[in-house]
Structures are given as structure tokens and as C-alpha cells.
Amino acid sequence: MSHEGKTIHPVVRAVLAIAALVMIVVFGNMLVATLGIGHKALDLTEDKVHSLSDGTREILKELKTPVIVRYYATRSTDYMPEEVKLHMRRVDDLLSEYGSLSDKLQIENLDPQPDTDAEDSANLDGISGQTINNENLYFGLAITCLDRTSTIPFLDPRDETMLEYEISRRIAEVSATRKPVIGLMSGINLAGGPAMMPGQPGTQPWVIYNQLSQDYEIEDLTMTPESIDPEKYTVVLVFHPAGITPEAEFAIDQYVLQGGTVIACVDPYSVAAQMLGGGNPMMGGGMPTSSTLPTLLEAWGVEMPTNQVVGDSTYATTMSGGRPALAVLTVPQDGMPQEDSVVTRDLTSVTLFLPGGMTKPGGAGVAMKTLVRASGKSGLVDSMPASQLDPSLLTRFQSDDKVYDLVLHLSGSFKSAFPDGKPGEDAADDASAEGEDEAKEAEDGDEPEQPGHLTEATQPGNVFLISDVDAFYDRFAFSVQRLGNLQLAQPINGNSSLLFNLIDQAASSTHLIGARSRAAISRPFTRLNDLEAEFNRRYGEKLEKKQEELDGVSNEINELVQQRRQGDTVFLDSDIEAKIREAREKQVSARKELREMEKDLRREKDGIAARIIGLNLFGMPLVVLAIGLVLFGIRRSRTRAR
């Protein structure tokens with residue numbers, strides 16, 4: 001008598017299934033951790049707030065020396081504000097993503113308790129903590145590579161959008177193998193110098209030059225460099241290149257084609273150059289007041305007239321004595337369209353003095369971003385009357401319906417502005433010499449040499465164009481006090497910060513130039529704000545009229561009550577009582593209408609909230625279910641086909 005196999009009890013099967021599921025989850029997690037893909041995720045947020053920027057990824061990829069990030073956070077306390085606790089979790093996630101992208105980056109999590117090694121380490125790193133409720137709480141970072149350390153003493157939740165940039169910048173700084181070198185090509189003497197004649201004082205360096213010298217090594221390339229080495233010079237600062245030669249432009253061109261970064265300050269009319277001797281016959285004519293890069297700008301797809309400056313009726317500045325200056329532009333945040341740019345994000349305003357108007361005809365094949373621009377009510381005016389603050393400009397001025405760029409960022413793979421090679425060299429002689437060299441190399445069995453110039457980029461380059469020089473002149477950018485040999489300079493606008501931000505990005509790492517500010521995770525529900533604005537627009541007049549009606553009714557009631565009183569006694573007059581009753585009914589009716597208007601707004605808000613809740617509760621599960629059904633159908637059709 002045969003017996004069929006024993007069936008397993010349903011309860012046992014359920015237990016085995018659960019055990020198998022647990023084992024799958026455990027071993028699956030172990031496998032993911034082993035493969036190093038534990039932090040892979042799909043970021044579907046609008047601003048990619050949970051993803052690191054490409055610039056950060058490139059910085060981490062290029063790390064050659066181990067970098068240690070000591071993360072000090074007081075966790076075992078009840079006194080840490082909730083806002084800071086929430087921000088702490090976001091920092092945890094951000095640093096976890098940093099650590100997952102590079103084996104050279106080590107994250108150390110430390111909780112500095114009183115009288116512990118972690119507290120001593122925090123103090124040594126310059127992180128003293130914040131005193132809250134008589135308790136010292138720590139929340140900061142120290143980033144170290146070899147003997148270099150950079151510190152963020154407190155991770156302020158209000159600076160959430162800048163956190164990735166600050167961390168990446170410090171990683172790039174401490175891992176740099178040498179002090180950044182800035183190559184300077186300037187038509188104005190920024191460094192100062194000895195007196196031209198005995199008994200006269202020497203020329204003082206510009207404040208901005210002194211400040212740059214504190215953090216960077218500045219090397220004067222002169223205005224006629226033969227070549228510029230991109231391996232040596234992190235940034236080339238071209239400042240008022242008046243009368244620049246084609247050979248000098250060629251050197252800049254070849255530098256950019258090799259992945260270099262250029263910050264060029266050009267100017268159709270420089271007040272600083274004029275004040276320092278431009279056009280003064282007593283000084284031999286002095287330096288020209290106008291500067292540009294004629295060949296390079298054309299090749300880069302940028303145009304800027306050299307005999308006109310930008311006038312702007314919206315951003316015009318009132319100078320001392322109440323004199324209006326149409327072409328002195330104080331540009332607020334509204335004129336800085338790149339909201340995610342760390343260069344302009346924290347600038348309240350910049351003031352440009354007779355700036356040039358740049359336009360972008362394009363054609364260079366590189367990306368162009370406007371960092372600072374004039375308003376829609378701008379136009380070009382003659383530079384001479386503008387420099388003299390001619391009041392008639394205001395009455396004669398007409399905007400030309402163009403929005404002129406004042407600061408531009410060009411990036412990408414540039415093409416040479418000198419496809420035929422270095423200016424001044426005879427092409428025929430070059431060809432003859434090249435033929436002789438090739439013949440000689442052929443006899444020696446060597447490979448022929450490559451051409452002596454580049455026609456296309458070997459690496460992506462960056463160019464920043466600023467259409468003003470005077471913005472960085474001492475008188476226009478700083479309040480300067482000199483006490484003997486001590487110079488005290490206080491910025492009076494955002495001009496110096498603009499230039500420092502550009503140089504800091506390029507000097508720390510070229511990858512930071514394209515870095516964005518991380519978008520804030522906590523964002524207002526703008527749809528509701530829009531609803532309120534629309535409500536105020538639609539019902540504003542009605543609300544105002546109803547409020548006036550209420551005020552009138554209230555005044556009427558007060559007058560009737562006063563009429564009802566005679567001396568110390570109060571008598572009831574049927575007519576007055578009827579009027580009071582009628583006025584109060586109007587008052588109640590007006591208040592009721594106001595409440596109904598507010599209820600309409602609340603009902604609309606509640607409707608939006610209900611739809612959002614419905615989508616969260618039912619929409620996403622339905623999407624998952626639909627995807628599952630589609631996959632099930634595909635799998636079943638394949639099974640049937642077999």
C-alpha cells in the first residue's frame with residue numbers, strides 16, 4: 001500500500017516562508033554592503049536635494065591622499081534645539097553619501113561629552129561648541145589632510161543650501177599639494193611700487209591685491225607673456241587689458257584650451273584709469289581708459305561696445321550730494337538670475353561704475369550663464385557724459401529693450417580664436433621649417449612633432465567676464481583707513497566678495513566652478529501662498545469696502561448711543577433703538593460676508609490638502625500595484641511562450 005508524501009501544515013509553511021524572507025533580507029543587505037552599493041538611490045526631487053553635484057564627485061574622484069572628516073555632534077542631550085536635531089540628520093545623510101563615493105575619505109563621528117577625548121579633540125580643532133541652557137553643545141566639522149586642517153565651527157541650519165559647497169571647498173583646499181598661484185595680467189599697477197621721484201610717497205597697492213596676496217601666490221605675467229602654463233597657474237586674472245597685443249591674446253587662448261580658468265575685467269571707460277593718469281597730458285597721456293579683448297571676445301561669442309556704457313533707470317545710483325548717476329548701477333539680487341550659483345547667492349548687491357554692456361550673439365559652442373545683468377529698462381549711453389554725471393542724460397535716456405549682461409560665465413570646450421597659429425608668425429616659414437624637421441626626424445626614425453598650437457580644447461575651460469574695472473578700485477569698493485603702515489579696509493558693497501568668490505572657486509578646484517548650492521529641503525508650500533495672494537487680489541477691494549462699511553456702522557452706533565444718553569439718565573427712544581438695531585444688523589451682515597470670504601479660501605486650501613493626502617495614501621500604492629501588474633503580465637506571457 002503506497003502512501004503519498006506528507007503534506008506540510010500551513011502554519012509550518014508560513015513560519016518557513018517568514019524565516020526564508022528574513023534570511024533573504026539579511027544576506028541581501030550583507031551583499032549590498034559588500035559590493036559598496038548601499039547608498040545607491042534614485043533622486044526624484046525637483047532640485048536633486050539628495051544628490052551630490054558633479055563638481056563634488058570629481059573632487060572626491062581626484063583625491064590622492066587620505067582626507068579625514070571629524071564630525072562633532074552632541075547627540076546624548078535633551079537640550080539640543082529641534083531645528084538643529086533635524087539638520088543633524090540631514091548632515092548625517094550628506095556625509096554618508098560623501099563617504100560612499102571615495103575610499104580616500106574617512107568620516108569620524110564623535111560625540112564630545114565633558115572630560116572626554118572627543119571634547120579635547122574638538123577644542124584642538126578649534127570647535128568650541130555652543131552654550132545652550134548652561135550646557136556646551138557641539139555641532140561642527142574639521143577636515144584634515146596631512147598637516148592641513150579646515151574647520152566649520154558650527155553647522156548652522158540657516159546655511160543648509162551652502163553646506164555641500166563648503167564641505168567640498170574645504171576638502172579641495174586641504175588636499176591641494178601646493179599654494180594656488182594666480183597669474184596676473186594687468187594694464188593698471190595693482191601691486192604699487194616706489195616713488196617715481198625723490199621725496200614723493202610710493203604708490204600703495206590696491207586693497208584687493210593685498211587681500212588676494214594673503215591667500216594666494218600672485219605672479220605678474222606682464223601684459224606680454226609668451227605662454228601661460230595651466231599646470232602652474234590655477235587662475236589667470238586679466239585686469240584692464242588696455243591695448244593688449246594679439247600675441248598676448250593668443251597666450252590666453254592657448255591657456256583656456258588646456259582647461260585653464262580666466263577672470264577678465266574689461267571696461268569701456270575706467271574711472272580708475274582716468275584718475276590714475278589716463279589721458280592726462282602732464283603724465284604723458286597715461287594709460288588708456290578703455291580695455292577689451294577684441295579677438296577673444298568675438299571668438300567666444302560675446303560683444304561689448306568700447307565707446308558706450310550701460311545706463312539703467314531702474315538700477316541708477318544716487319551719488320553724494322544727491323547727484324543721480326544713470327550709468328552707476330547698484331544691482332540687487334533681482335539682477336542675479338542664477339539662484340543656485342554660490343558666486344552670487346549671498347550678495348546683497350554689487351555696484352558697477354560705468355560698466356560695459358555685453359550681449360551674447362553666441363556661436364562659440366560653449367555654455368553661457370549670466371551672473372549679473374542690467375534691468376529691462378537699460379540702454380547704452382555715451383561714456384563721456386556718463387562719467388561726468390551729466391543730468392541731461394536722465395531726460396534724454398531711452399531704454400533699447402535689451403537686457404545687457406554685466407558678469408558672464410563661459411564654460412565648455414572652447415575653439416581657438418587663432419586657428420592659423422600665433423599671430424606674427426609667417427605661415428610659409430612655419431611650413432618650410434616643419435617640412436625640414438619632419439624630414440630630419442624621418443631620417444632619425446623619430447615621430448614628427450605635433451603642431452606648436454592648439455585649435456581645439458584638450459580640456460573644458462572656464463572664462464568669467466566682468467564688464468567693469470572700477471568696481472574693485474579702493475574708492476569704490478572699500479572704506480579705507482590708514483594708521484601708519486597699517487591699512488584698515490571695510491567693504492562698502494558686494495564688489496570684492498564677487499571677485500573673491502570667483503577666485504576661491506577656481507583656486508580651490510576647477511570643479512567647484514560648476515558647483516551649485518544645495519537646494520533647501522524645507523521649502524514653503526508655494527501653492528498655498530499663491531492661493532492667498534490670489535485671494536487678496538480678488539477680494540482685496542471687497543474686503544476693504546466691507547471693512548469701511550463696518551467702521552461706518554460702528555461710528556453710527558456710537559453716535560446713536562450718545563444720543564440716547566441725556567445727563568446721567570438713560571431713556572429709551574423707540575426710533576433710536578430701531579436705528580441701533582438696524583445698524584447692528586448691518587454690522588452682523590458685513591462680518592458674516594467677511595467670514596464667508598475667508599471660508600472660501602480655507603475650503604480651497606483644505607481641498608488641496610485633501611488631494612495631496614489622497615495621492616500619498618492611494619496614488620503611490622496604485623502606481624506600485626500597476627507596475628506590479630504590468631511586470632506580472634510580461635512574466636506570464638513569457639512563461640506561456642515557453
# chains A, B, ... in the order shown; residues from 1 in each chain; ligands from 1

call {"tool": "select_by_dssp", "arguments": {"residues": "segment 87-231 of chain A", "states": "strand (DSSP E)", "output": "ChimeraX atom specification"}}
result
/A:105-110,130-132,135-137,139-145,148-152,181-186,217-220

call {"tool": "closest_residue", "arguments": {"among": "A:Pro324, A:Pro81, A:Pro66, A:Pro180", "to": "Leu146 of chain A", "atoms": "only C-alpha atoms"}}
result
A:Pro66

call {"tool": "closest_residue", "arguments": {"among": "A:Gly365, A:Asn136, A:Ile143, A:Leu408", "to": "Glu119 of chain A", "atoms": "only C-alpha atoms"}}
result
A:Asn136

call {"tool": "residues_around", "arguments": {"residues": "Gly461 of chain A", "least_positions_apart": "4", "cutoff": "9 Å", "atoms": "only C-alpha atoms", "output": "MDAnalysis selection string"}}
result
chainID A and resid 255:262 410:414 457 510

call {"tool": "residues_around", "arguments": {"residues": "segment 333-341 of chain A", "least_positions_apart": "5", "cutoff": "7 Å", "atoms": "only C-alpha atoms", "output": "list in words"}}
result
Thr348, Ser349, Thr370, Leu371, Val372, Arg373, Ala374, Ser375, Arg516 and Ser517 of chain A

call {"tool": "closest_residue", "arguments": {"among": "A:Thr344, A:Asn558, A:Ser496, A:Gln308", "to": "Asn210 of chain A", "atoms": "only C-alpha atoms"}}
result
A:Ser496

call {"tool": "select_by_dssp", "arguments": {"residues": "segment 130-292 of chain A", "states": "alpha helix (DSSP H)", "output": "ChimeraX atom specification"}}
result
/A:163-175,207-215,246-257,271-275

call {"tool": "write_last_selection", "arguments": {"atoms": "N, CA and C atoms", "output": "CSV table (one decimal), in the first residue's frame"}}
result
chain,number,residue,atom,x,y,z
A,163,LEU,N,25.9,74.0,2.4
A,163,LEU,CA,26.7,73.1,3.2
A,163,LEU,C,27.6,72.2,2.2
A,164,GLU,N,27.0,71.7,1.2
A,164,GLU,CA,27.8,70.8,0.3
A,164,GLU,C,29.0,71.6,-0.3
A,165,TYR,N,28.7,72.9,-0.7
A,165,TYR,CA,29.8,73.7,-1.3
A,165,TYR,C,30.9,73.9,-0.3
A,166,GLU,N,30.5,74.2,1.0
A,166,GLU,CA,31.6,74.5,2.0
A,166,GLU,C,32.4,73.3,2.3
A,167,ILE,N,31.8,72.1,2.4
A,167,ILE,CA,32.5,70.9,2.6
A,167,ILE,C,33.4,70.5,1.5
A,168,SER,N,32.9,70.6,0.3
A,168,SER,CA,33.7,70.3,-0.9
A,168,SER,C,34.9,71.3,-1.1
A,169,ARG,N,34.6,72.5,-0.8
A,169,ARG,CA,35.7,73.5,-0.9
A,169,ARG,C,36.8,73.2,0.1
A,170,ARG,N,36.4,72.9,1.3
A,170,ARG,CA,37.5,72.6,2.3
A,170,ARG,C,38.2,71.3,2.0
A,171,ILE,N,37.5,70.3,1.4
A,171,ILE,CA,38.2,69.1,1.0
A,171,ILE,C,39.2,69.4,-0.1
A,172,ALA,N,38.8,70.2,-1.0
A,172,ALA,CA,39.7,70.6,-2.1
A,172,ALA,C,40.9,71.4,-1.6
A,173,GLU,N,40.7,72.3,-0.6
A,173,GLU,CA,41.8,73.1,-0.1
A,173,GLU,C,42.8,72.3,0.7
A,174,VAL,N,42.4,71.4,1.6
A,174,VAL,CA,43.3,70.7,2.4
A,174,VAL,C,44.1,69.6,1.6
A,175,SER,N,43.4,69.2,0.5
A,175,SER,CA,44.1,68.1,-0.3
A,175,SER,C,45.0,68.7,-1.4
A,207,VAL,N,43.8,97.6,-2.4
A,207,VAL,CA,43.3,96.8,-1.3
A,207,VAL,C,43.0,95.3,-1.7
A,208,ILE,N,42.4,95.2,-2.8
A,208,ILE,CA,42.0,93.9,-3.3
A,208,ILE,C,43.2,93.1,-3.6
A,209,TYR,N,44.3,93.7,-4.1
A,209,TYR,CA,45.6,93.0,-4.3
A,209,TYR,C,46.2,92.5,-3.0
A,210,ASN,N,46.2,93.4,-2.0
A,210,ASN,CA,46.7,92.9,-0.7
A,210,ASN,C,45.9,91.8,-0.1
A,211,GLN,N,44.6,91.8,-0.2
A,211,GLN,CA,43.8,90.7,0.3
A,211,GLN,C,44.0,89.4,-0.4
A,212,LEU,N,44.1,89.5,-1.7
A,212,LEU,CA,44.4,88.3,-2.5
A,212,LEU,C,45.8,87.7,-2.2
A,213,SER,N,46.7,88.6,-1.9
A,213,SER,CA,48.1,88.1,-1.6
A,213,SER,C,48.2,87.3,-0.3
A,214,GLN,N,47.2,87.5,0.6
A,214,GLN,CA,47.2,86.8,1.9
A,214,GLN,C,46.9,85.3,1.7
A,215,ASP,N,46.1,85.0,0.7
A,215,ASP,CA,45.7,83.6,0.5
A,215,ASP,C,46.3,82.9,-0.7
A,246,PRO,N,47.8,91.0,-30.0
A,246,PRO,CA,47.3,89.7,-30.4
A,246,PRO,C,48.1,88.6,-29.9
A,247,GLU,N,49.4,88.8,-29.7
A,247,GLU,CA,50.3,87.7,-29.1
A,247,GLU,C,49.9,87.3,-27.7
A,248,ALA,N,49.5,88.4,-26.9
A,248,ALA,CA,49.1,88.1,-25.5
A,248,ALA,C,47.7,87.4,-25.5
A,249,GLU,N,46.8,87.8,-26.4
A,249,GLU,CA,45.5,87.2,-26.5
A,249,GLU,C,45.7,85.7,-26.9
A,250,PHE,N,46.7,85.4,-27.8
A,250,PHE,CA,47.0,84.1,-28.2
A,250,PHE,C,47.4,83.2,-27.0
A,251,ALA,N,48.2,83.8,-26.1
A,251,ALA,CA,48.7,83.1,-24.9
A,251,ALA,C,47.5,82.7,-24.0
A,252,ILE,N,46.6,83.7,-23.8
A,252,ILE,CA,45.4,83.4,-23.1
A,252,ILE,C,44.5,82.3,-23.7
A,253,ASP,N,44.4,82.4,-25.0
A,253,ASP,CA,43.6,81.5,-25.8
A,253,ASP,C,44.1,80.0,-25.6
A,254,GLN,N,45.4,79.8,-25.7
A,254,GLN,CA,46.0,78.5,-25.5
A,254,GLN,C,45.9,78.0,-24.1
A,255,TYR,N,45.9,78.9,-23.1
A,255,TYR,CA,45.8,78.5,-21.7
A,255,TYR,C,44.3,78.0,-21.5
A,256,VAL,N,43.3,78.7,-22.1
A,256,VAL,CA,41.9,78.3,-21.9
A,256,VAL,C,41.7,76.9,-22.6
A,257,LEU,N,42.3,76.7,-23.7
A,257,LEU,CA,42.1,75.5,-24.4
A,257,LEU,C,42.7,74.3,-23.7
A,271,VAL,N,37.0,104.7,-14.8
A,271,VAL,CA,37.2,105.9,-14.0
A,271,VAL,C,38.6,105.8,-13.2
A,272,ALA,N,38.9,104.6,-12.8
A,272,ALA,CA,40.2,104.4,-12.0
A,272,ALA,C,41.3,104.7,-12.9
A,273,ALA,N,41.3,104.3,-14.2
A,273,ALA,CA,42.4,104.5,-15.1
A,273,ALA,C,42.5,106.0,-15.4
A,274,GLN,N,41.4,106.7,-15.5
A,274,GLN,CA,41.4,108.1,-15.7
A,274,GLN,C,41.9,108.9,-14.5
A,275,MET,N,41.6,108.4,-13.3
A,275,MET,CA,42.1,109.1,-12.1
A,275,MET,C,43.5,108.8,-11.9

call {"tool": "residues_around", "arguments": {"residues": "Leu155 of chain A", "least_positions_apart": "6", "cutoff": "8 Å", "atoms": "only C-alpha atoms", "output": "PDB file with N, CA and C atoms, in the first residue's frame"}}
result
ATOM      1  N   PHE A 139      28.445  70.951  17.295  1.00  0.00           N
ATOM      2  CA  PHE A 139      27.872  70.576  16.008  1.00  0.00           C
ATOM      3  C   PHE A 139      28.713  71.246  14.921  1.00  0.00           C
ATOM      4  N   GLY A 140      29.816  70.583  14.555  1.00  0.00           N
ATOM      5  CA  GLY A 140      30.732  71.169  13.585  1.00  0.00           C
ATOM      6  C   GLY A 140      31.577  70.115  12.904  1.00  0.00           C
ATOM      7  N   LEU A 141      32.416  70.572  11.963  1.00  0.00           N
ATOM      8  CA  LEU A 141      33.271  69.677  11.180  1.00  0.00           C
ATOM      9  C   LEU A 141      34.702  70.180  11.185  1.00  0.00           C
ATOM     10  N   LEU A 163      25.945  74.044   2.447  1.00  0.00           N
ATOM     11  CA  LEU A 163      26.738  73.058   3.179  1.00  0.00           C
ATOM     12  C   LEU A 163      27.595  72.209   2.246  1.00  0.00           C
TER      13      LEU A 163
END

call {"tool": "atom_distance", "arguments": {"atom1": "atom CA of Tyr233 of chain A", "atom2": "atom CA of Thr144 of chain A"}}
result
24.5 Å

call {"tool": "decode", "arguments": {"residues": "segment 378-401 of chain A", "atoms": "C-alpha atoms", "output": "short mmCIF file (atom, residue, chain, number, x, y, z; two decimals), in the first residue's frame"}}
result
data_model
loop_
_atom_site.label_atom_id
_atom_site.label_comp_id
_atom_site.auth_asym_id
_atom_site.auth_seq_id
_atom_site.Cartn_x
_atom_site.Cartn_y
_atom_site.Cartn_z
CA SER A 378 18.57 99.77 -19.66
CA GLY A 379 20.36 101.10 -22.70
CA LEU A 380 23.72 102.26 -23.97
CA VAL A 381 24.83 105.88 -23.44
CA ASP A 382 27.99 107.75 -24.40
CA SER A 383 30.72 107.19 -21.84
CA MET A 384 31.98 110.78 -21.54
CA PRO A 385 28.74 112.50 -20.39
CA ALA A 386 28.01 109.47 -18.22
CA SER A 387 31.38 109.81 -16.46
CA GLN A 388 30.61 113.49 -15.81
CA LEU A 389 27.20 112.62 -14.28
CA ASP A 390 25.51 114.80 -16.88
CA PRO A 391 21.94 115.34 -15.54
CA SER A 392 20.56 115.78 -19.07
CA LEU A 393 21.14 112.04 -19.64
CA LEU A 394 18.14 111.31 -17.43
CA THR A 395 15.77 113.33 -19.60
CA ARG A 396 17.22 112.14 -22.92
CA PHE A 397 17.65 108.48 -21.93
CA GLN A 398 15.59 105.80 -23.63
CA SER A 399 15.96 102.09 -22.99
CA ASP A 400 16.57 99.96 -26.08
CA ASP A 401 14.56 96.90 -24.97
#
